[in-house]
Every structure is written in structure tokens, then in C-alpha cells.
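Peer 1: What follows is target-v4.csv, made up of CSV, C-alpha atoms:
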```csv
chain,number,residue,atom,x,y,z
A,1,MET,CA,57.8,32.7,15.1
A,2,GLU,CA,58.3,31.8,18.7
A,3,ALA,CA,61.8,31.1,20.2
A,4,LEU,CA,62.8,28.2,22.3
A,5,SER,CA,63.2,29.0,26.0
A,6,THR,CA,66.2,31.2,26.8
A,7,ARG,CA,69.3,29.7,28.5
A,8,PRO,CA,72.3,31.2,30.4
A,9,ALA,CA,75.1,32.5,28.2
A,10,TRP,CA,77.5,29.9,29.3
A,11,PHE,CA,75.1,27.1,28.4
A,12,GLU,CA,74.7,28.4,24.9
A,13,GLN,CA,78.5,28.5,24.4
A,14,ILE,CA,79.4,25.2,26.0
A,15,TRP,CA,76.7,22.6,25.4
A,16,PRO,CA,76.5,22.9,21.6
A,17,ARG,CA,80.3,22.2,21.4
A,18,ILE,CA,79.9,19.1,23.5
A,19,ALA,CA,77.0,17.9,21.3
A,20,VAL,CA,79.0,18.6,18.1
A,21,ALA,CA,81.9,16.7,19.5
A,22,THR,CA,79.8,13.5,19.7
A,23,GLY,CA,78.2,12.3,16.5
A,24,VAL,CA,75.1,10.9,18.3
A,25,GLY,CA,74.6,14.2,20.2
A,26,TYR,CA,74.9,16.2,17.0
A,27,PHE,CA,72.4,14.0,15.1
A,28,ALA,CA,70.0,13.9,18.0
A,29,THR,CA,70.0,17.7,18.4
A,30,ALA,CA,69.7,18.4,14.7
A,31,TYR,CA,66.9,15.9,14.4
A,32,THR,CA,65.0,17.4,17.3
A,33,VAL,CA,65.4,20.9,15.9
A,34,SER,CA,64.3,19.8,12.4
A,35,ARG,CA,61.1,18.2,13.9
A,36,TRP,CA,60.5,21.4,15.9
A,37,LEU,CA,60.8,23.6,12.8
A,38,THR,CA,58.3,21.5,10.8
A,39,ARG,CA,55.9,20.7,13.6
A,40,ARG,CA,52.1,21.1,13.5
A,41,SER,CA,50.5,24.2,14.9
A,42,PRO,CA,46.9,23.1,15.6
A,43,ALA,CA,44.2,25.4,17.0
A,44,VAL,CA,40.5,25.3,17.8
A,45,LEU,CA,38.8,28.2,16.1
A,46,HIS,CA,35.4,29.7,16.6
A,47,VAL,CA,33.3,31.6,14.1
A,48,PRO,CA,34.0,35.3,14.5
A,49,THR,CA,31.1,37.2,16.1
A,50,HIS,CA,32.5,40.8,15.8
A,51,LEU,CA,31.7,41.1,12.0
A,52,PRO,CA,28.0,42.0,12.0
A,53,GLY,CA,26.0,41.9,8.8
A,54,LEU,CA,28.1,39.2,7.2
A,55,GLY,CA,27.3,35.7,6.2
A,56,ILE,CA,29.8,33.3,7.6
A,57,ASP,CA,30.0,29.6,6.5
A,58,THR,CA,32.4,26.9,7.6
A,59,LEU,CA,34.2,25.3,4.7
A,60,ALA,CA,36.2,22.2,3.9
A,61,CYS,CA,38.1,21.1,0.8
A,62,GLN,CA,40.8,18.5,0.0
A,63,THR,CA,44.1,18.8,-1.6
A,64,ARG,CA,45.2,16.4,-4.4
A,65,ASP,CA,47.7,14.9,-2.0
A,66,GLY,CA,44.9,14.0,0.4
A,67,VAL,CA,45.0,16.7,3.1
A,68,THR,CA,41.7,18.1,4.3
A,69,LEU,CA,41.7,21.9,4.8
A,70,LYS,CA,39.2,23.8,7.0
A,71,GLY,CA,38.2,27.4,6.4
A,72,TRP,CA,35.6,30.1,6.4
A,73,ASN,CA,33.6,32.0,3.7
A,74,ILE,CA,32.8,35.5,5.0
A,75,GLU,CA,30.5,37.2,2.6
A,76,PRO,CA,29.0,40.7,2.6
A,77,HIS,CA,25.7,41.4,0.9
A,78,GLY,CA,26.1,41.7,-2.8
A,79,ALA,CA,29.7,40.6,-2.9
A,80,ARG,CA,31.3,41.6,-6.2
A,81,SER,CA,34.4,39.4,-6.2
A,82,THR,CA,36.4,37.1,-4.0
A,83,VAL,CA,39.7,37.5,-2.1
A,84,ALA,CA,41.4,34.3,-0.9
A,85,LEU,CA,43.6,34.8,2.1
A,86,PHE,CA,46.6,32.6,3.0
A,87,HIS,CA,48.2,32.9,6.4
A,88,GLY,CA,51.8,32.6,7.6
A,89,LEU,CA,53.8,30.0,9.5
A,90,ARG,CA,52.4,29.2,13.0
A,91,GLY,CA,49.3,31.1,12.1
A,92,ASN,CA,45.8,30.2,11.0
A,93,ARG,CA,42.8,31.8,9.3
A,94,GLU,CA,41.9,33.7,12.5
A,95,LYS,CA,45.1,35.7,12.0
A,96,MET,CA,43.7,37.2,8.8
A,97,LEU,CA,40.6,38.7,10.5
A,98,ALA,CA,41.9,42.2,10.5
A,99,ARG,CA,42.3,42.1,6.8
A,100,ILE,CA,39.0,40.3,6.3
A,101,ALA,CA,37.3,43.1,8.2
A,102,PHE,CA,38.2,45.9,5.9
A,103,LEU,CA,38.0,43.8,2.7
A,104,SER,CA,34.5,42.6,3.5
A,105,ALA,CA,33.5,46.2,4.4
A,106,ALA,CA,34.6,47.1,0.9
A,107,GLY,CA,32.3,44.5,-0.6
A,108,TYR,CA,34.8,41.6,-1.1
A,109,ARG,CA,33.9,38.0,-0.3
A,110,CYS,CA,36.7,36.5,1.8
A,111,VAL,CA,37.7,32.9,1.7
A,112,ALA,CA,40.3,31.9,4.3
A,113,PHE,CA,41.5,28.3,4.9
A,114,ASP,CA,44.0,27.0,7.4
A,115,HIS,CA,47.1,25.7,5.7
A,116,ARG,CA,48.0,22.0,6.2
A,117,ALA,CA,49.3,21.2,9.8
A,118,HIS,CA,47.9,24.6,11.0
A,119,GLY,CA,44.7,25.5,12.8
A,120,GLU,CA,41.9,23.0,12.2
A,121,SER,CA,43.3,21.5,8.9
A,122,ALA,CA,44.9,18.1,8.7
A,123,GLY,CA,48.5,17.4,7.9
A,124,ARG,CA,51.5,16.0,9.8
A,125,GLN,CA,54.0,18.8,9.1
A,126,THR,CA,54.6,22.2,7.6
A,127,SER,CA,57.0,22.8,4.7
A,128,PHE,CA,57.4,26.6,4.7
A,129,GLY,CA,55.1,26.9,1.7
A,130,TYR,CA,56.7,24.2,-0.5
A,131,HIS,CA,54.0,21.6,-0.2
A,132,GLU,CA,51.4,24.2,0.8
A,133,ARG,CA,51.3,24.9,-2.9
A,134,TYR,CA,48.8,22.1,-3.0
A,135,ASP,CA,46.7,24.0,-0.5
A,136,VAL,CA,46.6,27.0,-2.9
A,137,GLU,CA,45.6,24.7,-5.7
A,138,ALA,CA,42.7,23.3,-3.7
A,139,VAL,CA,41.5,26.7,-2.7
A,140,VAL,CA,41.7,27.8,-6.4
A,141,ASP,CA,39.6,24.8,-7.4
A,142,PHE,CA,37.1,25.5,-4.6
A,143,ILE,CA,36.6,29.2,-5.7
A,144,ARG,CA,36.5,28.5,-9.4
A,145,THR,CA,33.9,25.8,-8.8
A,146,ARG,CA,31.7,27.9,-6.6
A,147,TRP,CA,32.0,31.3,-8.3
A,148,PRO,CA,33.2,30.5,-11.8
A,149,SER,CA,32.3,33.8,-13.5
A,150,GLU,CA,33.5,36.2,-10.8
A,151,PRO,CA,36.9,37.8,-10.5
A,152,CYS,CA,39.1,36.8,-7.6
A,153,ALA,CA,42.4,37.8,-6.0
A,154,ALA,CA,44.8,36.2,-3.5
A,155,LEU,CA,46.2,38.0,-0.4
A,156,ALA,CA,49.0,35.9,1.1
A,157,VAL,CA,51.3,36.5,4.0
A,158,SER,CA,54.8,35.1,4.6
A,159,MET,CA,54.6,31.3,4.2
A,160,GLY,CA,51.2,31.7,2.5
A,161,ALA,CA,52.9,34.1,0.0
A,162,ALA,CA,55.7,31.6,-0.6
A,163,ALA,CA,53.0,28.9,-1.3
A,164,VAL,CA,51.4,31.1,-4.0
A,165,CYS,CA,54.9,31.5,-5.6
A,166,PHE,CA,55.5,27.7,-5.5
A,167,ALA,CA,52.0,27.2,-7.0
A,168,GLY,CA,53.3,28.9,-10.2
A,169,GLU,CA,50.9,28.8,-13.1
A,170,VAL,CA,48.1,27.5,-10.8
A,171,SER,CA,48.1,31.0,-9.3
A,172,HIS,CA,47.1,32.4,-12.8
A,173,ALA,CA,43.5,31.5,-11.7
A,174,PHE,CA,43.7,34.7,-9.6
A,175,ASP,CA,43.2,38.0,-11.4
A,176,ALA,CA,45.6,39.7,-9.0
A,177,LEU,CA,48.1,38.7,-6.3
A,178,ILE,CA,49.1,40.5,-3.1
A,179,LEU,CA,52.2,39.0,-1.4
A,180,GLU,CA,53.2,40.2,2.0
A,181,SER,CA,56.5,39.6,3.9
A,182,VAL,CA,57.6,36.8,1.6
A,183,TYR,CA,61.0,35.3,2.2
A,184,HIS,CA,63.6,35.1,-0.5
A,185,ASP,CA,64.7,31.5,0.0
A,186,LEU,CA,64.7,29.0,2.9
A,187,ALA,CA,68.4,29.0,3.5
A,188,ARG,CA,68.4,32.8,4.0
A,189,ALA,CA,65.2,32.6,6.0
A,190,PHE,CA,66.8,30.2,8.4
A,191,GLN,CA,69.9,32.4,8.7
A,192,HIS,CA,67.9,35.5,9.4
A,193,ARG,CA,66.1,33.8,12.2
A,194,VAL,CA,69.1,32.5,14.1
A,195,GLY,CA,69.5,34.9,17.0
A,196,ASN,CA,66.2,36.6,16.0
A,197,GLY,CA,63.5,34.1,16.9
A,198,TYR,CA,65.6,31.0,16.9
A,199,PRO,CA,68.4,30.5,19.5
A,200,THR,CA,71.9,31.4,18.4
A,201,TRP,CA,73.2,27.8,19.1
A,202,PHE,CA,71.2,26.6,16.1
A,203,ARG,CA,74.1,27.8,13.9
A,204,HIS,CA,76.3,25.0,15.3
A,205,PHE,CA,73.9,22.4,13.8
A,206,ARG,CA,73.0,24.2,10.6
A,207,ARG,CA,74.2,21.6,8.2
A,208,GLY,CA,72.6,18.8,10.0
A,209,ILE,CA,69.3,20.6,10.5
A,210,ILE,CA,69.2,21.5,6.8
A,211,TRP,CA,70.0,17.9,5.7
A,212,LEU,CA,67.4,16.4,8.0
A,213,THR,CA,64.8,19.0,7.0
A,214,GLU,CA,65.4,18.2,3.3
A,215,GLN,CA,64.7,14.6,4.1
A,216,ARG,CA,61.5,15.4,5.9
A,217,LEU,CA,60.3,17.8,3.1
A,218,ARG,CA,61.5,15.5,0.3
A,219,ALA,CA,63.1,18.5,-1.3
A,220,ARG,CA,66.5,20.1,-1.6
A,221,ILE,CA,66.7,23.4,0.3
A,222,ARG,CA,67.7,25.2,-2.9
A,223,GLU,CA,64.3,24.3,-4.3
A,224,VAL,CA,62.5,25.9,-1.4
A,225,ALA,CA,63.1,29.4,-2.8
A,226,PRO,CA,60.3,31.8,-3.8
A,227,ILE,CA,62.9,33.8,-5.8
A,228,ALA,CA,63.2,30.8,-8.1
A,229,HIS,CA,59.5,30.6,-8.8
A,230,ILE,CA,58.0,34.0,-8.6
A,231,ALA,CA,58.6,34.8,-12.3
A,232,ARG,CA,56.0,32.1,-13.1
A,233,LEU,CA,53.3,34.4,-11.7
A,234,ALA,CA,53.5,36.6,-14.8
A,235,PRO,CA,51.5,38.0,-16.4
A,236,ARG,CA,49.3,38.4,-13.4
A,237,PRO,CA,49.7,41.8,-11.6
A,238,VAL,CA,51.5,41.3,-8.3
A,239,LEU,CA,51.8,43.7,-5.3
A,240,LEU,CA,54.7,42.9,-3.0
A,241,VAL,CA,54.6,44.5,0.5
A,242,THR,CA,56.9,44.3,3.4
A,243,GLY,CA,57.9,46.2,6.5
A,244,SER,CA,60.9,48.5,6.7
A,245,ASP,CA,62.0,46.7,9.9
A,246,ASP,CA,61.2,43.2,8.8
A,247,PRO,CA,64.2,41.0,9.8
A,248,HIS,CA,62.9,38.0,7.9
A,249,ALA,CA,61.7,39.6,4.7
A,250,PRO,CA,63.9,42.7,4.5
A,251,PRO,CA,63.0,45.3,1.9
A,252,HIS,CA,66.1,44.6,-0.3
A,253,GLU,CA,65.2,40.9,-0.6
A,254,VAL,CA,61.5,41.6,-1.3
A,255,GLN,CA,62.6,44.1,-3.9
A,256,ALA,CA,64.7,41.4,-5.5
A,257,LEU,CA,61.6,39.3,-5.8
A,258,ALA,CA,59.7,42.2,-7.4
A,259,GLU,CA,62.5,42.6,-10.0
A,260,GLN,CA,61.8,39.1,-11.2
A,261,LEU,CA,58.4,40.6,-12.5
A,262,PRO,CA,59.6,43.9,-14.0
A,263,GLU,CA,56.5,44.4,-16.1
A,264,THR,CA,53.8,43.3,-13.7
A,265,SER,CA,54.8,44.0,-10.1
A,266,GLN,CA,54.6,46.8,-7.6
A,267,PHE,CA,56.7,47.0,-4.5
A,268,ARG,CA,55.8,48.9,-1.4
A,269,VAL,CA,57.5,49.3,2.0
A,270,ILE,CA,55.4,50.0,5.2
A,271,GLY,CA,57.5,52.2,7.4
A,272,GLY,CA,58.0,51.0,11.0
A,273,ALA,CA,56.5,47.6,10.3
A,274,GLY,CA,58.2,44.3,11.1
A,275,HIS,CA,57.2,40.8,10.1
A,276,LEU,CA,53.5,39.9,9.9
A,277,ASN,CA,52.3,43.2,11.2
A,278,VAL,CA,52.2,45.4,8.1
A,279,CYS,CA,48.4,45.6,8.3
A,280,GLU,CA,48.3,46.8,11.9
A,281,VAL,CA,51.2,49.2,11.6
A,282,GLY,CA,50.3,50.4,8.1
A,283,GLY,CA,46.8,51.3,9.1
A,284,ALA,CA,44.9,53.5,6.6
A,285,VAL,CA,47.9,53.7,4.3
A,286,TYR,CA,48.0,49.9,4.0
A,287,ARG,CA,44.3,49.5,3.6
A,288,GLU,CA,44.1,52.2,0.8
A,289,LEU,CA,47.1,50.6,-1.0
A,290,LEU,CA,45.4,47.2,-1.1
A,291,LEU,CA,41.9,48.4,-1.9
A,292,ALA,CA,43.2,50.6,-4.8
A,293,PHE,CA,45.2,47.6,-6.2
A,294,LEU,CA,42.1,45.3,-6.0
A,295,GLU,CA,39.8,47.9,-7.5
A,296,ARG,CA,42.1,48.4,-10.4
A,297,HIS,CA,42.5,44.7,-11.2
A,298,LEU,CA,39.2,43.1,-10.2
A,299,SER,CA,36.8,45.7,-11.7
A,300,ARG,CA,35.3,44.3,-14.9
```
Translate the structure described by the file into C-alpha cells.
Peer 2:
Amino acid sequence: MEALSTRPAWFEQIWPRIAVATGVGYFATAYTVSRWLTRRSPAVLHVPTHLPGLGIDTLACQTRDGVTLKGWNIEPHGARSTVALFHGLRGNREKMLARIAFLSAAGYRCVAFDHRAHGESAGRQTSFGYHERYDVEAVVDFIRTRWPSEPCAALAVSMGAAAVCFAGEVSHAFDALILESVYHDLARAFQHRVGNGYPTWFRHFRRGIIWLTEQRLRARIREVAPIAHIARLAPRPVLLVTGSDDPHAPPHEVQALAEQLPETSQFRVIGGAGHLNVCEVGGAVYRELLLAFLERHLSR
């Protein structure tokens, strides 16, 4: 996630105290930050031209709360099963192309939609995966309608992985689940990002930001917690992956998520990777890990 523009050290020390001292200033700042955190991330996307020999279709589907999602179906000849890809916050389906490249080369059909308020999809605001669970449900319905007799899996990153957790039993439609860089809960996620992606002065407005964000999301912050929902993914096999240097989904927190599924989960750490780059940093190790997992659980 991008940070707000940097300011001189004295500015970060003095102006938040002034704003906190005045109720109007505090509320205005907290409201502005809350809107910034939940803002849209639109993008104009073009059909990829660097994936020769693949059929690429532009897709659209609608969620049950009325949001239109836009996506791609990228299909190799003789596709044997489907992998649905769900991107992270401030991303879009284009961010998943590196994964799509090796998955399609291995014979997997890849279906990738933009989450609500991202890319070319509709929607007024993001919710860190909480309401994006309806996006997962819509993609599940699309895949099961179009290819009802074929196995399928989900590969979800960060916010997208949280959405799969929040979808709960809906995610049972997938035969296997790969969750990358998924956060533990929203309160911790916010705390991890203060000073590491978000300006340090955010901490002065934490309570107000959280309260206003709860109003915007129509959910209490304690509800926006993958750790409270991930156990509902059982009995599906789940592979959890994170980077050794991920400040937002540190290994010990992702391991705690895996421990909620003691019978059905695998947990792997990609050395040297941070947040959202386990594919690029992991290279062949990452690709072999995912392909072996998919082969094991999608072969019928």
C-alpha cells in the first residue's frame, strides 16, 4: 500500500497534537483518513498480449448486493481445471498475471476478476475483504455455472485471501485453497502499517479512524478478522504462504491462522519475500510448491 506524502519531523510531532486538542480537527482528520483507507482504486486494463497461445475472454458478473465485477478468462488448450485468482488491496487482476503465466502454462484455466472498487469493477469503497466475500461468492457461481463438472481452486492474495476466509462455507465450492499474505485481523493490520506504509501520525487518530471506518463498513472491527473465520474453510485443503520479511502478514501470525485448520492446512514461508511479492521472490520454489499442491488436490 502506498503512503501519504512525507512531512518534516516537526510537522508530524506538532500538528496531530493541535488537531487532537480540537474536537473538530480530530474528527475531520479521522474522517479524511477513514475515507482514504476505504477509497476506490480504479484502473483501465488492457487484454494481455504477452501470453501467446491462450484464449482470453473479457468477463462480467454481478454480486448479490448489486456490484458488477469485471474480469478475464485466460484459457490454455485442453484446460483440465480452473484456478480463480483474487488480488490484494489497491491491486487488480493485472497484478495476478505473473501467477497466471505459470498456471496457464501448466494447463490451468485462470479466471481473474477485479474486486469491488478496484480496477474496472464497480463499487464505492473497499472493505479489506469483508464485503468482498460477496465477490468470491459471485465468482464461485460463475465458475460452477460455466464449468460445473470440473475441479477448481482459489489462489488469493492479501485482501483477496481475507475475502475467501470471510466467504466461509461458500469457499467449499473450491476443491483447494491457496491463501497468500493474509492478515490476522484488521486491528493488527492497521497497527502493522502505521510507520510502515501509513504515516506515524495516524496513531494519534487511531480510535477515531477505527470508529468511522466501522460506520463506513457497517461492521465492528473485531468482525473484520480472518482468524475468526478461517476454520470455516475446513474440510477443504488450504495452503498458507507468506514472506519471511512480510511486515503486514508476519510468519507467526499466518502460522496462527494455519493452526485453526490443524488437519487440512499447510504453512510455508518464502525466504526473503515481503508483502505481495512471494511469487517474484520465491521463483521456482514458489511455482513448484503451488503446482504440486494443485496437482495433488485437483487431479481426479
Peer 1: I'd like the neighbourhood of region 29-45 of chain A as a list in words, where a residue qualifies if any of its atoms comes within 7 Å (using only C-alpha atoms), though same-chain residues fewer than 3 positions away should be ignored.
Peer 2: Gly25, Tyr26, Arg90, Ala117, His118, Gly119, Glu120, Arg124, Gln125, Thr126, Ser127, Phe205, Gly208, Ile209, Leu212 and Thr213 of chain A
Peer 1: Would you save the residues from that selection as a short mmCIF file (atom, residue, chain, number, x, y, z; two decimals), in the frame of the given file, using C-alpha atoms?
Peer 2:
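Output file again-v4.cif is given in full below:
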```cif
data_model
loop_
_atom_site.label_atom_id
_atom_site.label_comp_id
_atom_site.auth_asym_id
_atom_site.auth_seq_id
_atom_site.Cartn_x
_atom_site.Cartn_y
_atom_site.Cartn_z
CA GLY A 25 74.60 14.20 20.20
CA TYR A 26 74.90 16.20 17.00
CA ARG A 90 52.40 29.20 13.00
CA ALA A 117 49.30 21.20 9.80
CA HIS A 118 47.90 24.60 11.00
CA GLY A 119 44.70 25.50 12.80
CA GLU A 120 41.90 23.00 12.20
CA ARG A 124 51.50 16.00 9.80
CA GLN A 125 54.00 18.80 9.10
CA THR A 126 54.60 22.20 7.60
CA SER A 127 57.00 22.80 4.70
CA PHE A 205 73.90 22.40 13.80
CA GLY A 208 72.60 18.80 10.00
CA ILE A 209 69.30 20.60 10.50
CA LEU A 212 67.40 16.40 8.00
CA THR A 213 64.80 19.00 7.00
#
```
Peer 1: Between CA of Asp135 (chain A) and CA of Ala163 (chain A), what is the distance, to one decimal in Å?
Peer 2: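 Rounded to one decimal, the two atoms are 8.0 Å apart.
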Peer 1: Can you tell me, as a list in words, what residues are no more than 10 Å from Pro247 (chain A) when counting all atoms listed in the file, ignoring any on the same chain fewer than 2 positions away?
Peer 2: Ser181, Ala189, His192, Arg193, Asn196, Gly197, Gly243, Ser244, Asp245, Ala249, Pro250, Pro251, Gly274 and His275 of chain A
Peer 1: Expressed in Å to a single decimal, how great is the separation between CA of Leu177 (chain A) and CA of Arg268 (chain A)?
Peer 2: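 Here the two named atoms are 13.7 Å from each other.
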Peer 1: Could you work out how far CA of Ala153 (chain A) lies from CA of Cys165 (chain A), giving the answer in Å with one decimal?
Peer 2: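 So the two atoms, CA of Cys165 (chain A) and CA of Ala153 (chain A), lie 14.0 Å apart.
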Peer 1: Which residues are close to region 220-222 of chain A, i.e. within 10 Å by only C-alpha atoms, leaving aside same-chain residues fewer than 5 positions away? Reply as an mmCIF file with C-alpha atoms, keeping the file's coordinate frame.
Peer 2:
```
data_model
loop_
_atom_site.group_PDB
_atom_site.id
_atom_site.type_symbol
_atom_site.label_atom_id
_atom_site.label_comp_id
_atom_site.auth_asym_id
_atom_site.auth_seq_id
_atom_site.Cartn_x
_atom_site.Cartn_y
_atom_site.Cartn_z
ATOM 1 C CA ASP A 185 64.700 31.500 0.000
ATOM 2 C CA LEU A 186 64.700 29.000 2.900
ATOM 3 C CA ALA A 187 68.400 29.000 3.500
ATOM 4 C CA ILE A 210 69.200 21.500 6.800
ATOM 5 C CA TRP A 211 70.000 17.900 5.700
ATOM 6 C CA THR A 213 64.800 19.000 7.000
ATOM 7 C CA GLU A 214 65.400 18.200 3.300
ATOM 8 C CA GLN A 215 64.700 14.600 4.100
ATOM 9 C CA ALA A 228 63.200 30.800 -8.100
#
```
Peer 1: Which region 121-221 of chain A residues have any atom within 8 Å of an atom of region 68-75 of chain A, and for each, what is the nearest pair of atoms with distance in Å to one decimal, counting all atoms listed in the file, rows sorted by chain and number, as a tab-separated table?
Peer 2:
```
residue	atom	partner	partner_atom	distance
A:Ser121	CA	A:Leu69	CA	4.4
A:Ala122	CA	A:Thr68	CA	5.4
A:Gly123	CA	A:Thr68	CA	7.7
A:Asp135	CA	A:Leu69	CA	7.6
```
Peer 1: Which residues come within 8 Å of Leu298 (chain A), counting all atoms listed in the file, excluding same-chain residues fewer than 3 positions away, as a list in words?
Peer 2: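 That gives Ser81, Pro151, Cys152, Ala153, Asp175, Ala176, Leu294 and Glu295 of chain A.
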Peer 1: Which residues come within 9 Å of Gly88 (chain A), counting only C-alpha atoms, excluding same-chain residues fewer than 3 positions away, as a PyMOL selection string?
Peer 2: chain A and resi 91-92+95+115+128-129+156-161+276
Peer 1: Which is closer to Val111 (chain A) than all the others in A:Asp57, A:Glu223, A:Asp246, A:Glu263, using only C-alpha atoms?
Peer 2: A:Asp57
Peer 1: Give the answer as one residue: which of A:Val182, A:Cys61, A:Ala84, A:Met96 has the shortest atom-to-atom distance to Glu253 (chain A), using only C-alpha atoms?
Peer 2: A:Val182
